[in-house]
file model.cif (mmCIF, N, CA and C atoms and all ligand atoms)
data_coords
loop_
_atom_site.group_PDB
_atom_site.id
_atom_site.type_symbol
_atom_site.label_atom_id
_atom_site.label_comp_id
_atom_site.auth_asym_id
_atom_site.auth_seq_id
_atom_site.Cartn_x
_atom_site.Cartn_y
_atom_site.Cartn_z
ATOM 1 N N MET A 24 -76.064 37.594 2.759
ATOM 2 C CA MET A 24 -76.190 37.454 1.317
ATOM 3 C C MET A 24 -77.398 36.593 0.979
ATOM 4 N N ILE A 25 -77.840 36.657 -0.247
ATOM 5 C CA ILE A 25 -79.043 35.910 -0.593
ATOM 6 C C ILE A 25 -78.722 34.709 -1.473
ATOM 7 N N GLU A 26 -79.526 33.684 -1.309
ATOM 8 C CA GLU A 26 -79.466 32.538 -2.212
ATOM 9 C C GLU A 26 -80.797 32.479 -2.949
ATOM 10 N N LEU A 27 -80.730 32.327 -4.240
ATOM 11 C CA LEU A 27 -81.944 32.316 -5.044
ATOM 12 C C LEU A 27 -82.166 30.938 -5.645
ATOM 13 N N ASN A 28 -83.392 30.439 -5.511
ATOM 14 C CA ASN A 28 -83.767 29.211 -6.201
ATOM 15 C C ASN A 28 -84.432 29.618 -7.522
ATOM 16 N N GLU A 29 -83.675 29.551 -8.585
ATOM 17 C CA GLU A 29 -84.183 30.065 -9.866
ATOM 18 C C GLU A 29 -85.359 29.255 -10.392
ATOM 19 N N GLU A 30 -85.488 28.010 -9.920
ATOM 20 C CA GLU A 30 -86.639 27.207 -10.343
ATOM 21 C C GLU A 30 -87.944 27.795 -9.818
ATOM 22 N N TYR A 31 -87.890 28.372 -8.613
ATOM 23 C CA TYR A 31 -89.100 28.932 -8.004
ATOM 24 C C TYR A 31 -89.362 30.364 -8.446
ATOM 25 N N CYS A 32 -88.306 31.112 -8.750
ATOM 26 C CA CYS A 32 -88.470 32.545 -9.047
ATOM 27 C C CYS A 32 -89.206 32.744 -10.365
ATOM 28 N N LYS A 33 -90.214 33.651 -10.323
ATOM 29 C CA LYS A 33 -90.972 33.934 -11.544
ATOM 30 C C LYS A 33 -90.670 35.325 -12.094
ATOM 31 N N GLY A 34 -89.705 35.996 -11.475
ATOM 32 C CA GLY A 34 -89.277 37.292 -12.012
ATOM 33 C C GLY A 34 -90.255 38.421 -11.781
ATOM 34 N N CYS A 35 -91.013 38.358 -10.677
ATOM 35 C CA CYS A 35 -92.015 39.402 -10.425
ATOM 36 C C CYS A 35 -91.385 40.711 -9.955
ATOM 37 N N ASN A 36 -90.124 40.649 -9.504
ATOM 38 C CA ASN A 36 -89.364 41.837 -9.080
ATOM 39 C C ASN A 36 -89.815 42.450 -7.761
ATOM 40 N N LEU A 37 -90.742 41.803 -7.054
ATOM 41 C CA LEU A 37 -91.165 42.352 -5.758
ATOM 42 C C LEU A 37 -89.977 42.531 -4.822
ATOM 43 N N CYS A 38 -89.100 41.556 -4.816
ATOM 44 C CA CYS A 38 -87.942 41.630 -3.916
ATOM 45 C C CYS A 38 -87.071 42.831 -4.259
ATOM 46 N N ILE A 39 -86.930 43.101 -5.529
ATOM 47 C CA ILE A 39 -86.091 44.224 -5.969
ATOM 48 C C ILE A 39 -86.737 45.541 -5.557
ATOM 49 N N VAL A 40 -88.039 45.641 -5.755
ATOM 50 C CA VAL A 40 -88.757 46.885 -5.444
ATOM 51 C C VAL A 40 -88.746 47.166 -3.944
ATOM 52 N N TYR A 41 -88.905 46.131 -3.128
ATOM 53 C CA TYR A 41 -89.077 46.352 -1.694
ATOM 54 C C TYR A 41 -87.791 46.300 -0.883
ATOM 55 N N CYS A 42 -86.694 45.870 -1.462
ATOM 56 C CA CYS A 42 -85.446 45.829 -0.680
ATOM 57 C C CYS A 42 -85.085 47.245 -0.224
ATOM 58 N N PRO A 43 -85.000 47.465 1.093
ATOM 59 C CA PRO A 43 -84.736 48.824 1.592
ATOM 60 C C PRO A 43 -83.314 49.296 1.333
ATOM 61 N N ARG A 44 -82.450 48.395 0.921
ATOM 62 C CA ARG A 44 -81.042 48.744 0.714
ATOM 63 C C ARG A 44 -80.659 48.764 -0.763
ATOM 64 N N ASP A 45 -81.637 48.617 -1.638
ATOM 65 C CA ASP A 45 -81.334 48.511 -3.074
ATOM 66 C C ASP A 45 -80.237 47.479 -3.335
ATOM 67 N N ALA A 46 -80.357 46.360 -2.653
ATOM 68 C CA ALA A 46 -79.306 45.344 -2.731
ATOM 69 C C ALA A 46 -79.562 44.307 -3.819
ATOM 70 N N LEU A 47 -80.700 44.436 -4.499
ATOM 71 C CA LEU A 47 -81.029 43.479 -5.551
ATOM 72 C C LEU A 47 -81.293 44.231 -6.850
ATOM 73 N N GLU A 48 -80.892 43.604 -7.948
ATOM 74 C CA GLU A 48 -81.183 44.186 -9.257
ATOM 75 C C GLU A 48 -81.446 43.047 -10.227
ATOM 76 N N PRO A 49 -82.178 43.317 -11.320
ATOM 77 C CA PRO A 49 -82.439 42.245 -12.274
ATOM 78 C C PRO A 49 -81.153 41.852 -12.999
ATOM 79 N N ALA A 50 -80.976 40.561 -13.202
ATOM 80 C CA ALA A 50 -79.806 40.096 -13.954
ATOM 81 C C ALA A 50 -79.860 40.646 -15.383
ATOM 82 N N GLU A 51 -78.703 40.887 -15.950
ATOM 83 C CA GLU A 51 -78.668 41.395 -17.330
ATOM 84 C C GLU A 51 -79.150 40.326 -18.316
ATOM 85 N N GLU A 52 -78.787 39.087 -18.039
ATOM 86 C CA GLU A 52 -79.124 38.001 -18.958
ATOM 87 C C GLU A 52 -80.459 37.359 -18.578
ATOM 88 N N LEU A 53 -81.189 36.912 -19.569
ATOM 89 C CA LEU A 53 -82.368 36.078 -19.326
ATOM 90 C C LEU A 53 -81.906 34.707 -18.885
ATOM 91 N N ASN A 54 -82.636 34.069 -17.971
ATOM 92 C CA ASN A 54 -82.288 32.697 -17.621
ATOM 93 C C ASN A 54 -83.107 31.719 -18.464
ATOM 94 N N GLU A 55 -83.038 30.442 -18.127
ATOM 95 C CA GLU A 55 -83.716 29.423 -18.938
ATOM 96 C C GLU A 55 -85.225 29.610 -18.987
ATOM 97 N N LYS A 56 -85.764 30.250 -17.947
ATOM 98 C CA LYS A 56 -87.217 30.471 -17.906
ATOM 99 C C LYS A 56 -87.627 31.737 -18.654
ATOM 100 N N GLY A 57 -86.647 32.455 -19.175
ATOM 101 C CA GLY A 57 -86.958 33.670 -19.931
ATOM 102 C C GLY A 57 -87.244 34.872 -19.052
ATOM 103 N N ILE A 58 -86.682 34.871 -17.848
ATOM 104 C CA ILE A 58 -86.860 36.013 -16.946
ATOM 105 C C ILE A 58 -85.492 36.537 -16.522
ATOM 106 N N HIS A 59 -85.499 37.741 -15.979
ATOM 107 C CA HIS A 59 -84.279 38.313 -15.409
ATOM 108 C C HIS A 59 -84.346 38.107 -13.899
ATOM 109 N N PRO A 60 -83.720 37.078 -13.374
ATOM 110 C CA PRO A 60 -83.813 36.831 -11.923
ATOM 111 C C PRO A 60 -83.033 37.889 -11.155
ATOM 112 N N PRO A 61 -83.405 38.134 -9.892
ATOM 113 C CA PRO A 61 -82.665 39.126 -9.110
ATOM 114 C C PRO A 61 -81.252 38.642 -8.807
ATOM 115 N N VAL A 62 -80.322 39.564 -8.846
ATOM 116 C CA VAL A 62 -78.959 39.261 -8.401
ATOM 117 C C VAL A 62 -78.590 40.287 -7.331
ATOM 118 N N GLU A 63 -77.682 39.882 -6.484
ATOM 119 C CA GLU A 63 -77.310 40.738 -5.362
ATOM 120 C C GLU A 63 -76.272 41.769 -5.786
ATOM 121 N N VAL A 64 -76.460 42.993 -5.312
ATOM 122 C CA VAL A 64 -75.466 44.041 -5.513
ATOM 123 C C VAL A 64 -74.457 43.919 -4.380
ATOM 124 N N GLU A 65 -73.204 43.883 -4.702
ATOM 125 C CA GLU A 65 -72.172 43.593 -3.712
ATOM 126 C C GLU A 65 -72.189 44.601 -2.555
ATOM 127 N N ASP A 66 -72.029 44.074 -1.349
ATOM 128 C CA ASP A 66 -71.854 44.894 -0.133
ATOM 129 C C ASP A 66 -73.024 45.819 0.179
ATOM 130 N N ARG A 67 -74.238 45.468 -0.218
ATOM 131 C CA ARG A 67 -75.374 46.318 0.147
ATOM 132 C C ARG A 67 -76.336 45.622 1.111
ATOM 133 N N CYS A 68 -76.438 44.326 1.019
ATOM 134 C CA CYS A 68 -77.420 43.611 1.837
ATOM 135 C C CYS A 68 -77.052 43.684 3.323
ATOM 136 N N ASN A 69 -78.059 43.999 4.161
ATOM 137 C CA ASN A 69 -77.823 44.016 5.610
ATOM 138 C C ASN A 69 -78.488 42.828 6.294
ATOM 139 N N GLY A 70 -79.004 41.898 5.508
ATOM 140 C CA GLY A 70 -79.562 40.676 6.087
ATOM 141 C C GLY A 70 -80.908 40.851 6.754
ATOM 142 N N CYS A 71 -81.682 41.861 6.356
ATOM 143 C CA CYS A 71 -82.949 42.153 7.044
ATOM 144 C C CYS A 71 -84.028 41.092 6.777
ATOM 145 N N ARG A 72 -83.847 40.318 5.742
ATOM 146 C CA ARG A 72 -84.756 39.208 5.382
ATOM 147 C C ARG A 72 -86.098 39.649 4.811
ATOM 148 N N LEU A 73 -86.263 40.910 4.495
ATOM 149 C CA LEU A 73 -87.534 41.355 3.931
ATOM 150 C C LEU A 73 -87.802 40.646 2.594
ATOM 151 N N CYS A 74 -86.779 40.497 1.795
ATOM 152 C CA CYS A 74 -86.967 39.848 0.484
ATOM 153 C C CYS A 74 -87.443 38.405 0.670
ATOM 154 N N GLU A 75 -86.880 37.740 1.677
ATOM 155 C CA GLU A 75 -87.269 36.350 1.950
ATOM 156 C C GLU A 75 -88.746 36.294 2.340
ATOM 157 N N LEU A 76 -89.177 37.254 3.155
ATOM 158 C CA LEU A 76 -90.574 37.289 3.609
ATOM 159 C C LEU A 76 -91.524 37.675 2.481
ATOM 160 N N ILE A 77 -91.084 38.556 1.621
ATOM 161 C CA ILE A 77 -91.982 39.148 0.639
ATOM 162 C C ILE A 77 -92.116 38.288 -0.629
ATOM 163 N N CYS A 78 -91.139 37.459 -0.891
ATOM 164 C CA CYS A 78 -91.188 36.663 -2.126
ATOM 165 C C CYS A 78 -92.382 35.706 -2.081
ATOM 166 N N PRO A 79 -93.320 35.843 -3.021
ATOM 167 C CA PRO A 79 -94.514 35.001 -2.980
ATOM 168 C C PRO A 79 -94.223 33.539 -3.329
ATOM 169 N N ASP A 80 -93.059 33.288 -3.863
ATOM 170 C CA ASP A 80 -92.742 31.929 -4.315
ATOM 171 C C ASP A 80 -91.633 31.263 -3.512
ATOM 172 N N PHE A 81 -91.283 31.841 -2.372
ATOM 173 C CA PHE A 81 -90.272 31.265 -1.479
ATOM 174 C C PHE A 81 -88.977 30.945 -2.223
ATOM 175 N N ALA A 82 -88.586 31.854 -3.103
ATOM 176 C CA ALA A 82 -87.406 31.590 -3.937
ATOM 177 C C ALA A 82 -86.118 32.106 -3.311
ATOM 178 N N ILE A 83 -86.256 32.968 -2.273
ATOM 179 C CA ILE A 83 -85.059 33.585 -1.689
ATOM 180 C C ILE A 83 -84.822 33.065 -0.285
ATOM 181 N N THR A 84 -83.582 32.752 0.009
ATOM 182 C CA THR A 84 -83.161 32.468 1.374
ATOM 183 C C THR A 84 -82.014 33.418 1.694
ATOM 184 N N VAL A 85 -82.121 34.081 2.840
ATOM 185 C CA VAL A 85 -81.032 34.961 3.261
ATOM 186 C C VAL A 85 -80.110 34.151 4.159
ATOM 187 N N VAL A 86 -78.837 34.138 3.853
ATOM 188 C CA VAL A 86 -77.867 33.380 4.659
ATOM 189 C C VAL A 86 -76.769 34.317 5.141
ATOM 190 N N GLU A 87 -76.247 34.002 6.314
ATOM 191 C CA GLU A 87 -75.099 34.750 6.813
ATOM 192 C C GLU A 87 -73.899 34.407 5.950
ATOM 193 N N LYS A 88 -73.027 35.366 5.743
ATOM 194 C CA LYS A 88 -71.846 35.106 4.922
ATOM 195 C C LYS A 88 -70.998 33.982 5.497
ATOM 196 N N ASP A 89 -70.872 33.932 6.837
ATOM 197 C CA ASP A 89 -70.055 32.901 7.469
ATOM 198 C C ASP A 89 -70.611 31.504 7.220
ATOM 199 N N GLU A 90 -71.972 31.410 7.262
ATOM 200 C CA GLU A 90 -72.606 30.107 7.003
ATOM 201 C C GLU A 90 -72.225 29.617 5.620
ATOM 202 N N GLU A 91 -72.212 30.552 4.674
ATOM 203 C CA GLU A 91 -71.907 30.216 3.284
ATOM 204 C C GLU A 91 -70.491 29.671 3.136
ATOM 205 N N GLU A 92 -69.571 30.256 3.890
ATOM 206 C CA GLU A 92 -68.165 29.881 3.712
ATOM 207 C C GLU A 92 -67.814 28.568 4.384
ATOM 208 N N GLU A 93 -68.642 28.119 5.341
ATOM 209 C CA GLU A 93 -68.291 26.896 6.061
ATOM 210 C C GLU A 93 -68.425 25.669 5.189
HETATM 211 S S1 LIG A 101 -89.954 38.215 -5.258
HETATM 212 FE FE1 LIG A 101 -89.384 36.055 -5.524
HETATM 213 S S2 LIG A 101 -90.352 35.430 -7.423
HETATM 214 FE FE2 LIG A 101 -90.337 37.668 -7.394
HETATM 215 S S3 LIG A 101 -88.434 38.226 -8.480
HETATM 216 FE FE3 LIG A 101 -87.970 38.147 -6.284
HETATM 217 S S4 LIG A 101 -87.194 36.045 -5.954
HETATM 218 FE FE4 LIG A 101 -88.268 36.063 -7.898
HETATM 219 S S1 LIG A 102 -82.094 40.727 3.166
HETATM 220 FE FE1 LIG A 102 -82.925 42.846 3.160
HETATM 221 S S2 LIG A 102 -81.204 44.097 2.454
HETATM 222 FE FE2 LIG A 102 -80.721 41.992 1.905
HETATM 223 S S3 LIG A 102 -81.435 41.748 -0.202
HETATM 224 FE FE3 LIG A 102 -83.096 41.067 1.176
HETATM 225 S S4 LIG A 102 -84.412 42.860 1.485
HETATM 226 FE FE4 LIG A 102 -82.446 43.567 0.657
#
call {"tool": "encode", "arguments": {"input": "model.cif", "output": "C-alpha cells"}}
result
Amino acid sequence: MIELNEEYCKGCNLCIVYCPRDALEPAEELNEKGIHPPVEVEDRCNGCRLCELICPDFAITVVEKDEEEE
C-alpha cells in the first residue's frame, strides 16, 4: 500500500498515469493545497514501487501491509 506525504505532493498526477495496475486515482475532494492528491484504489497495488520512483517530489512511500499493521 502507499503512504502519501500531502505536504510534498503537488498533484502532477504522474504517479496515477504511470501506475501499471491503475491502483491510484485522484481524490474527489481538493485538499488544503487546492489539489486532488492521489488515493489508492483498494486491492490493486502490487507493491512494484514505480510510483515511489517516479514521483518528482518524493511524496510517495510504498509500504508492505504487514509493516503498516505493526
Ligand atoms: S507523482 Fe508525486 S507529486 Fe505527482 S501527484 Fe503523484 S504523489 Fe503527487
Ligand atoms: S507500487 Fe506500483 S502498483 Fe502500487 S500504486 Fe505504486 S505504481 Fe501502482
call {"tool": "select_by_dssp", "arguments": {"input": "model.cif", "residues": "chain A", "states": "strand (DSSP E)", "output": "list of chain:residue names"}}
result
A:Ile25, A:Glu26, A:Leu27, A:Leu47, A:Glu48, A:Pro49, A:Pro61, A:Val62, A:Glu63, A:Ile83, A:Thr84, A:Val85
call {"tool": "axis_aligned_box", "arguments": {"input": "model.cif", "around": "ligand LIG 101 (chain A)", "padding_each_side": "8 Å", "output": "JSON"}}
result
{"center_x": -88.8, "center_y": 36.8, "center_z": -6.9, "size_x": 19.2, "size_y": 18.8, "size_z": 19.2}
call {"tool": "resolve_selection", "arguments": {"input": "model.cif", "expression": "the PyMOL selection byres (((chain A and resi 32-39 and name CA) around 6) and not hetatm and name CA)", "output": "list in words"}}
result
Glu29, Glu30, Tyr31, Val40, Tyr41, Cys42, Leu47, Glu48, Ile58, Pro60, Cys74 and Ala82 of chain A
call {"tool": "resolve_selection", "arguments": {"input": "model.cif", "expression": "the PyMOL selection byres (((chain A and resi 70) around 8) and not hetatm)", "output": "PyMOL selection string"}}
result
chain A and resi 24-25+67-69+71-74+85-87
call {"tool": "atom_distance", "arguments": {"input": "model.cif", "atom1": "atom C of Asp89 of chain A", "atom2": "atom N of His59 of chain A"}}
result
28.3 Å
call {"tool": "residues_around", "arguments": {"input": "model.cif", "residues": "Phe81 of chain A", "least_positions_apart": "2", "cutoff": "10 Å", "atoms": "only C-alpha atoms", "output": "list in words"}}
result
Leu27, Asn28, Tyr31, Cys32, Cys74, Glu75, Leu76, Ile77, Cys78, Pro79, Ile83 and Thr84 of chain A
call {"tool": "write_last_selection", "arguments": {"input": "model.cif", "atoms": "N, CA and C atoms", "output": "short mmCIF file (atom, residue, chain, number, x, y, z; two decimals), keeping the file's coordinate frame"}}
result
data_model
loop_
_atom_site.label_atom_id
_atom_site.label_comp_id
_atom_site.auth_asym_id
_atom_site.auth_seq_id
_atom_site.Cartn_x
_atom_site.Cartn_y
_atom_site.Cartn_z
N LEU A 27 -80.73 32.33 -4.24
CA LEU A 27 -81.94 32.32 -5.04
C LEU A 27 -82.17 30.94 -5.64
N ASN A 28 -83.39 30.44 -5.51
CA ASN A 28 -83.77 29.21 -6.20
C ASN A 28 -84.43 29.62 -7.52
N TYR A 31 -87.89 28.37 -8.61
CA TYR A 31 -89.10 28.93 -8.00
C TYR A 31 -89.36 30.36 -8.45
N CYS A 32 -88.31 31.11 -8.75
CA CYS A 32 -88.47 32.54 -9.05
C CYS A 32 -89.21 32.74 -10.36
N CYS A 74 -86.78 40.50 1.80
CA CYS A 74 -86.97 39.85 0.48
C CYS A 74 -87.44 38.40 0.67
N GLU A 75 -86.88 37.74 1.68
CA GLU A 75 -87.27 36.35 1.95
C GLU A 75 -88.75 36.29 2.34
N LEU A 76 -89.18 37.25 3.16
CA LEU A 76 -90.57 37.29 3.61
C LEU A 76 -91.52 37.67 2.48
N ILE A 77 -91.08 38.56 1.62
CA ILE A 77 -91.98 39.15 0.64
C ILE A 77 -92.12 38.29 -0.63
N CYS A 78 -91.14 37.46 -0.89
CA CYS A 78 -91.19 36.66 -2.13
C CYS A 78 -92.38 35.71 -2.08
N PRO A 79 -93.32 35.84 -3.02
CA PRO A 79 -94.51 35.00 -2.98
C PRO A 79 -94.22 33.54 -3.33
N ILE A 83 -86.26 32.97 -2.27
CA ILE A 83 -85.06 33.58 -1.69
C ILE A 83 -84.82 33.06 -0.28
N THR A 84 -83.58 32.75 0.01
CA THR A 84 -83.16 32.47 1.37
C THR A 84 -82.01 33.42 1.69
#
